[in-house]
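Visitor: Supplied in structure tokens, the structure appears directly below.
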Amino acid sequence: MTISDNLRNFFGGHRILIIAVLCLFGLGMVQSRQAPKKKRRAKTDERVYLVHADRLRFDQYSANPTAQILNGNVAFRHKGAKLYCDSAYFYQASNSFRAFGHVRMYQGDTLSLFSDYAYYDGNDQMAEARRNVVLTHRKTKLYTDSLNYDRLYGIGYFFEGGKMVDKQNTLVSDWGEYDTETRMAVFNYNVNLKNPKFVLTTDTLHYDTRTSLAHIVGPSEITSGESVIHTSQGYYDTNKDLARLYGRSTLSNNGKEMTGDSLFHNEKTGVSEGFGNVVYNDTVNKNQMTSNYFWYNDSTGYAFATDSAVLKEYSQGDTLFVHSDTMKVYTFNINTDSVYRKAHCYPKVRAFRTDVQAVCDSLVYNTKDSCMTMYKDPIVWNADRQLLGEMIEVFMKDSTVDRAHVVNQALSVERLPDSTHYNQIASREMFGFFDKGELRKAEAVGNVQCVYYFQDDKDSSLISMTYMETDTMRMFMKDRQLQSIWTCKHNSVMYPITQIPPSKKELPSFAWFDYIRPLDKYDIFNWRGKAKGTELRNIQRRSAPLQFINAGGVVSAEGDKLVPVAAPAQLAEAVKADEPSPESRAEE
């Protein structure tokens, strides 16, 4: 065959190829003259690559005839992740493998997954790790025996029990998931969060590993020393020991329990704050405080309550209800054997119990001497008896009244069954002495005035009235009935019931404040003050004159004038030369 024949055969056989090349060349020339277009996004290679294995073989008679059997220092690579194991079955057709022995997966510098066995699907980017699984992400470790890790979404799931260790917190649950992107964990069923300072148990918990914040979304209990929290919704900052609780949560400690719509608790400082229908119950001392806002410091024993604040005392079976605008409790010598408290209620105090009711502007109760003091127009009612004065002191013993003291402008009034006549005693001071809660002896001292009606023993009809003036009067009671009266020198007049002078029927200070009296435990919220003109008179008390030293000697302040009380010569030797000048003292 000649050369020309060979050329003819070559060009004839490859005519189609040459035409295709020329067409591509011409198309390239046309495109080069057109405006440049935006490049397409490059496709990602999804293949799982076998990087290394000491031995590789096929066994078509085994249970895995399509698998490459790998042994010794096996290594894979897939989408930025590196996977190592002792041996593996590599299914190249399905882009997956099974790894055995010391399985390790590394994704960047922040995530690793260790296990004894794993199955990896490169198409779904799903790793199924089993037995002795440890997922490490930054400083967080997750231990379990069964974990599915979704690389596409960065979420790990465990479903046969797992444990997460994050800083000082250890979380255990039956089921859970961990998001490596948001670093949020969700735990379900028998959840237990342990910290050196507390233990949290619940059924559902969301946990942020970045802030160590636990989000409670189910019935939960948090135990820290002797403090116990019950809640179904809230947040607990495990770093700062701060709790934000909602949905009628409860905080209890040593017999003291606090419940509210919203509670905020700082375990480090011992401060608790409650909003909305707050109930603080002290089961040890058998008292309870309710309000819409409550603040309490467990380390100092200081409490503050306002907005519909009510103090309830139920140690005697019959509950005493006390309401005021503001209530404060101060604790002294806390954590010692000499601890005592002072409770302040003010203003507009109203109290109700079945057997006693009271009204005053402010009230102070001191547990040191078990004394309750009522200030500014205090009034106390018991059945048909009324007691008032400038200040009333009530001393308690074993949670019952032991004695009472009415200071200045004291007035005791008893309404008789006919509701038109009143037994009355007015004096400067009054004392009452009780036995097992019942009045046994009463004493009136100073400028005593008395109006007393005598009744017929048969039909209790009124017979006469006695008006008496004396300095001291003592009355002895039994079964709430007057047994005898003792007085010192006195002036008295007895009037038949039909011949009582109108001016003697009532004492000058007589007043019956039944319209102010609380009717029930709900009426304590309705403030009713005294009618105009019935307030206690403001009596000026004599006080010692103020004296101080000036350049002219000792002077006494009387009104706006300075009256000398000693000559300068008498004091000259008494004043030392190095003491401050009288002018500087006066300025001070």
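Residue names in the structure tokens use chain letters A, B, ... in the order shown, residue numbers from 1 in each chain, and ligand numbers from 1 in the order shown.
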Compile the contact shell of Asp145 of chain A as a ChimeraX atom specification: residues with an atom at most 6 Å away, counting only C-alpha atoms, same-chain residues fewer than 5 positions apart removed.
Guide: /A:130-133
Visitor: Could you tell me, as a ChimeraX atom specification, which residues of segment 104-290 of chain A DSSP assigns to strand (DSSP E or B) when given the backbone?
Guide: /A:104-107,111-121,126-137,140-150,155-158,162-166,169-173,175-179,184-195,198-208,213-216,220-224,227-231,233-237,242-253,256-266,271-282,287-290
Visitor: Would you kindly return, as a ChimeraX atom specification, each protein, DNA or RNA residue with an atom no farther than 6 Å from any atom of segment 96-112 of chain A, considering only C-alpha atoms and excluding same-chain residues fewer than 3 positions away?
Guide: /A:81-91,115-122,135-138
Visitor: Which polymer residues have any atom within 6 Å of an atom of segment 47-61 of chain A, counting only C-alpha atoms, with same-chain residues fewer than 4 positions away left out, as a PyMOL selection string?
Guide: chain A and resi 65+68-78+95
Visitor: How about saving the chosen residues, all heavy atoms kept, as a CSV table (one decimal), in the first residue's frame?
Guide:
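selection-v3.csv written:
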chain,number,residue,atom,x,y,z
A,65,PRO,N,-19.6,-10.4,49.9
A,65,PRO,CA,-18.9,-10.7,48.7
A,65,PRO,C,-18.5,-9.4,47.9
A,65,PRO,O,-17.5,-9.4,47.1
A,65,PRO,CB,-19.8,-11.6,47.8
A,65,PRO,CG,-21.2,-11.3,48.3
A,65,PRO,CD,-21.0,-11.0,49.8
A,68,GLN,N,-14.7,-4.7,50.1
A,68,GLN,CA,-13.2,-4.8,50.2
A,68,GLN,C,-12.9,-5.0,51.7
A,68,GLN,O,-13.3,-4.2,52.5
A,68,GLN,CB,-12.6,-3.5,49.7
A,68,GLN,CG,-12.9,-3.2,48.2
A,68,GLN,CD,-12.3,-1.9,47.8
A,68,GLN,OE1,-11.2,-1.6,48.2
A,68,GLN,NE2,-13.0,-1.2,46.9
A,69,ILE,N,-12.2,-6.1,52.0
A,69,ILE,CA,-11.8,-6.4,53.3
A,69,ILE,C,-10.5,-5.8,53.6
A,69,ILE,O,-9.5,-6.1,53.0
A,69,ILE,CB,-11.8,-7.9,53.5
A,69,ILE,CG1,-13.2,-8.5,53.2
A,69,ILE,CG2,-11.4,-8.2,55.0
A,69,ILE,CD1,-13.2,-10.0,53.2
A,70,LEU,N,-10.5,-4.8,54.6
A,70,LEU,CA,-9.3,-4.0,54.9
A,70,LEU,C,-8.8,-4.4,56.3
A,70,LEU,O,-9.6,-4.5,57.3
A,70,LEU,CB,-9.6,-2.5,54.9
A,70,LEU,CG,-10.4,-2.1,53.6
A,70,LEU,CD1,-10.8,-0.6,53.7
A,70,LEU,CD2,-9.5,-2.3,52.4
A,71,ASN,N,-7.5,-4.5,56.5
A,71,ASN,CA,-6.9,-4.8,57.8
A,71,ASN,C,-5.7,-4.0,58.0
A,71,ASN,O,-4.9,-3.7,57.1
A,71,ASN,CB,-6.6,-6.3,57.9
A,71,ASN,CG,-7.8,-7.2,57.9
A,71,ASN,OD1,-8.2,-7.7,56.8
A,71,ASN,ND2,-8.4,-7.4,59.0
A,72,GLY,N,-5.5,-3.5,59.3
A,72,GLY,CA,-4.3,-2.9,59.6
A,72,GLY,C,-4.2,-1.4,59.3
A,72,GLY,O,-4.1,-1.1,58.1
A,73,ASN,N,-4.3,-0.5,60.3
A,73,ASN,CA,-4.2,0.9,60.1
A,73,ASN,C,-5.0,1.5,59.0
A,73,ASN,O,-4.6,2.2,58.1
A,73,ASN,CB,-2.7,1.3,59.9
A,73,ASN,CG,-1.8,0.9,61.0
A,73,ASN,OD1,-2.1,1.2,62.2
A,73,ASN,ND2,-0.7,0.3,60.7
A,74,VAL,N,-6.3,1.1,59.0
A,74,VAL,CA,-7.2,1.5,58.0
A,74,VAL,C,-7.5,3.0,58.1
A,74,VAL,O,-7.8,3.5,59.3
A,74,VAL,CB,-8.5,0.7,58.0
A,74,VAL,CG1,-9.4,1.1,56.9
A,74,VAL,CG2,-8.2,-0.8,57.9
A,75,ALA,N,-7.6,3.8,57.0
A,75,ALA,CA,-7.9,5.2,57.1
A,75,ALA,C,-8.8,5.6,55.9
A,75,ALA,O,-8.5,5.1,54.8
A,75,ALA,CB,-6.6,6.0,57.0
A,76,PHE,N,-9.8,6.4,56.2
A,76,PHE,CA,-10.7,6.9,55.1
A,76,PHE,C,-10.7,8.4,55.2
A,76,PHE,O,-10.4,9.0,56.2
A,76,PHE,CB,-12.1,6.4,55.3
A,76,PHE,CG,-12.3,4.9,55.1
A,76,PHE,CD1,-12.3,4.0,56.2
A,76,PHE,CD2,-12.5,4.4,53.9
A,76,PHE,CE1,-12.4,2.7,56.1
A,76,PHE,CE2,-12.6,3.0,53.7
A,76,PHE,CZ,-12.6,2.1,54.8
A,77,ARG,N,-11.2,9.0,54.1
A,77,ARG,CA,-11.4,10.4,54.1
A,77,ARG,C,-12.7,10.7,53.3
A,77,ARG,O,-13.0,10.2,52.3
A,77,ARG,CB,-10.2,11.1,53.3
A,77,ARG,CG,-10.3,12.6,53.1
A,77,ARG,CD,-9.0,13.2,52.6
A,77,ARG,NE,-8.6,12.5,51.4
A,77,ARG,CZ,-9.0,12.8,50.1
A,77,ARG,NH1,-9.8,13.7,49.9
A,77,ARG,NH2,-8.5,12.1,49.1
A,78,HIS,N,-13.5,11.7,53.9
A,78,HIS,CA,-14.7,12.1,53.3
A,78,HIS,C,-15.1,13.5,53.7
A,78,HIS,O,-15.4,13.7,54.9
A,78,HIS,CB,-15.8,11.1,53.6
A,78,HIS,CG,-17.1,11.3,52.9
A,78,HIS,ND1,-18.3,11.7,53.6
A,78,HIS,CD2,-17.4,11.4,51.6
A,78,HIS,CE1,-19.2,11.9,52.7
A,78,HIS,NE2,-18.8,11.7,51.5
A,95,ASN,N,-20.9,3.5,48.5
A,95,ASN,CA,-20.2,4.6,49.2
A,95,ASN,C,-20.3,4.6,50.7
A,95,ASN,O,-20.6,5.6,51.3
A,95,ASN,CB,-20.7,5.9,48.6
A,95,ASN,CG,-19.7,7.1,48.8
A,95,ASN,OD1,-18.5,6.9,48.7
A,95,ASN,ND2,-20.3,8.3,49.1
Visitor: Do you have the atom CA of Glu226 of chain A-atom CA of Gln168 of chain A distance handy?
Guide: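 That distance, rounded to one decimal, is 20.3 Å.
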Visitor: Would you kindly return, as a list of chain:residue names, each protein, DNA or RNA residue with an atom no farther than 10 Å from any atom of Thr283 of chain A, considering only C-alpha atoms and excluding same-chain residues fewer than 3 positions away?
Guide: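 Non-adjacent residues within range: A:Asn254, A:Gly255, A:Lys256, A:Glu257, A:Tyr280, A:Lys286, A:Asn287, A:Gln288, A:Tyr314, A:Ser315.
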Visitor: Could those residues be written to a file, using all heavy atoms, as a short mmCIF file (atom, residue, chain, number, x, y, z; two decimals), in the first residue's frame?
Guide:
data_model
loop_
_atom_site.label_atom_id
_atom_site.label_comp_id
_atom_site.auth_asym_id
_atom_site.auth_seq_id
_atom_site.Cartn_x
_atom_site.Cartn_y
_atom_site.Cartn_z
N ASN A 254 -35.36 24.22 104.82
CA ASN A 254 -35.47 24.11 106.28
C ASN A 254 -36.85 24.47 106.80
O ASN A 254 -37.00 25.28 107.72
CB ASN A 254 -34.41 24.99 106.96
CG ASN A 254 -33.01 24.46 106.82
OD1 ASN A 254 -32.81 23.25 106.80
ND2 ASN A 254 -32.04 25.34 106.72
N GLY A 255 -37.87 23.89 106.19
CA GLY A 255 -39.22 24.13 106.66
C GLY A 255 -39.84 25.41 106.16
O GLY A 255 -40.98 25.73 106.51
N LYS A 256 -39.11 26.18 105.34
CA LYS A 256 -39.62 27.41 104.76
C LYS A 256 -39.84 27.18 103.27
O LYS A 256 -38.95 26.70 102.58
CB LYS A 256 -38.66 28.56 104.99
CG LYS A 256 -38.38 28.83 106.47
CD LYS A 256 -37.30 29.86 106.66
CE LYS A 256 -36.98 30.07 108.13
NZ LYS A 256 -35.89 31.04 108.32
N GLU A 257 -41.02 27.53 102.79
CA GLU A 257 -41.40 27.25 101.41
C GLU A 257 -41.95 28.51 100.75
O GLU A 257 -42.76 29.22 101.33
CB GLU A 257 -42.45 26.14 101.39
CG GLU A 257 -42.82 25.65 100.01
CD GLU A 257 -43.78 24.49 100.06
OE1 GLU A 257 -43.32 23.33 100.17
OE2 GLU A 257 -45.00 24.74 100.03
N TYR A 280 -45.32 32.52 101.00
CA TYR A 280 -44.15 32.14 101.77
C TYR A 280 -44.64 31.48 103.06
O TYR A 280 -45.29 32.13 103.89
CB TYR A 280 -43.28 33.36 102.08
CG TYR A 280 -42.06 33.04 102.91
CD1 TYR A 280 -40.92 32.50 102.33
CD2 TYR A 280 -42.04 33.28 104.29
CE1 TYR A 280 -39.81 32.20 103.08
CE2 TYR A 280 -40.93 32.98 105.04
CZ TYR A 280 -39.82 32.44 104.43
OH TYR A 280 -38.71 32.14 105.19
N LYS A 286 -45.05 28.15 112.02
CA LYS A 286 -46.47 28.10 111.68
C LYS A 286 -47.02 29.50 111.37
O LYS A 286 -47.96 29.98 111.98
CB LYS A 286 -47.26 27.46 112.83
CG LYS A 286 -46.92 25.99 113.03
CD LYS A 286 -47.79 25.34 114.07
CE LYS A 286 -47.46 23.86 114.21
NZ LYS A 286 -48.30 23.18 115.20
N ASN A 287 -46.38 30.14 110.41
CA ASN A 287 -46.89 31.39 109.88
C ASN A 287 -46.67 31.42 108.38
O ASN A 287 -45.82 30.70 107.84
CB ASN A 287 -46.27 32.61 110.57
CG ASN A 287 -44.76 32.60 110.45
OD1 ASN A 287 -44.20 32.73 109.37
ND2 ASN A 287 -44.08 32.45 111.59
N GLN A 288 -47.43 32.26 107.73
CA GLN A 288 -47.41 32.32 106.27
C GLN A 288 -47.56 33.77 105.83
O GLN A 288 -48.28 34.54 106.46
CB GLN A 288 -48.55 31.46 105.70
CG GLN A 288 -48.56 31.34 104.20
CD GLN A 288 -49.74 30.51 103.72
OE1 GLN A 288 -50.76 31.04 103.29
NE2 GLN A 288 -49.60 29.18 103.82
N TYR A 314 -50.98 30.66 112.17
CA TYR A 314 -51.93 29.57 112.39
C TYR A 314 -51.46 28.60 113.47
O TYR A 314 -51.85 27.43 113.49
CB TYR A 314 -52.18 28.80 111.08
CG TYR A 314 -50.94 28.30 110.38
CD1 TYR A 314 -50.42 27.04 110.66
CD2 TYR A 314 -50.30 29.06 109.42
CE1 TYR A 314 -49.29 26.56 110.01
CE2 TYR A 314 -49.18 28.59 108.75
CZ TYR A 314 -48.68 27.34 109.06
OH TYR A 314 -47.55 26.87 108.40
N SER A 315 -50.63 29.07 114.40
CA SER A 315 -50.13 28.18 115.45
C SER A 315 -51.21 27.78 116.44
O SER A 315 -51.09 26.77 117.12
CB SER A 315 -48.97 28.86 116.19
OG SER A 315 -49.42 30.05 116.83
#
Visitor: Show which residues sit within 10 Å of Ile497 of chain A, as a PyMOL selection string. Count only C-alpha atoms, and ignore same-chain residues fewer than 6 positions away.
Guide: chain A and resi 453-454+461-466
Visitor: Distance atom CA of Phe510 of chain A-atom CA of Met475 of chain A, one decimal place?
Guide: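 A separation of 19.7 Å between them.
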Visitor: Considering only C-alpha atoms, return as a list in words whatever protein or nucleic-acid residues lie within 8 Å of Ser427 of chain A, sequence-local ones (same chain, fewer than 5 positions apart) excluded.
Guide: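 The residues that qualify are Asn408, Gln409, Ala410, Leu411, Ala444, Val445, Gly446, Asn447, Val448 and Gln449 of chain A.
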Visitor: Hey, can you check how far atom CA of Val394 of chain A sits from atom CA of Val310 of chain A?
Guide: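 According to the coordinates, atom CA of Val394 of chain A and atom CA of Val310 of chain A are separated by 19.7 Å.
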Visitor: For segment 154-209 of chain A versus segment 237-249 of chain A, which residues have an atom no more than 9 Å away, and what is each residue's nearest atom pair and distance in Å rounded to one decimal, using only C-alpha atoms, chain-then-number order, as JSON lines?
Guide:
{"residue": "A:Gln168", "atom": "CA", "partner": "A:Thr238", "partner_atom": "CA", "distance": 8.7}
{"residue": "A:Asn169", "atom": "CA", "partner": "A:Thr238", "partner_atom": "CA", "distance": 7.9}
{"residue": "A:Asn195", "atom": "CA", "partner": "A:Thr238", "partner_atom": "CA", "distance": 7.9}
{"residue": "A:Lys197", "atom": "CA", "partner": "A:Asp241", "partner_atom": "CA", "distance": 8.6}
{"residue": "A:Phe198", "atom": "CA", "partner": "A:Thr238", "partner_atom": "CA", "distance": 8.9}
Visitor: Which residue out of A:Thr259, A:Tyr143, A:Val134, A:Gln92 has the minimum interatomic distance to Thr66 of chain A when only C-alpha atoms are used?
Guide: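 With only C-alpha atoms as the atom set, the closest residue is A:Gln92.
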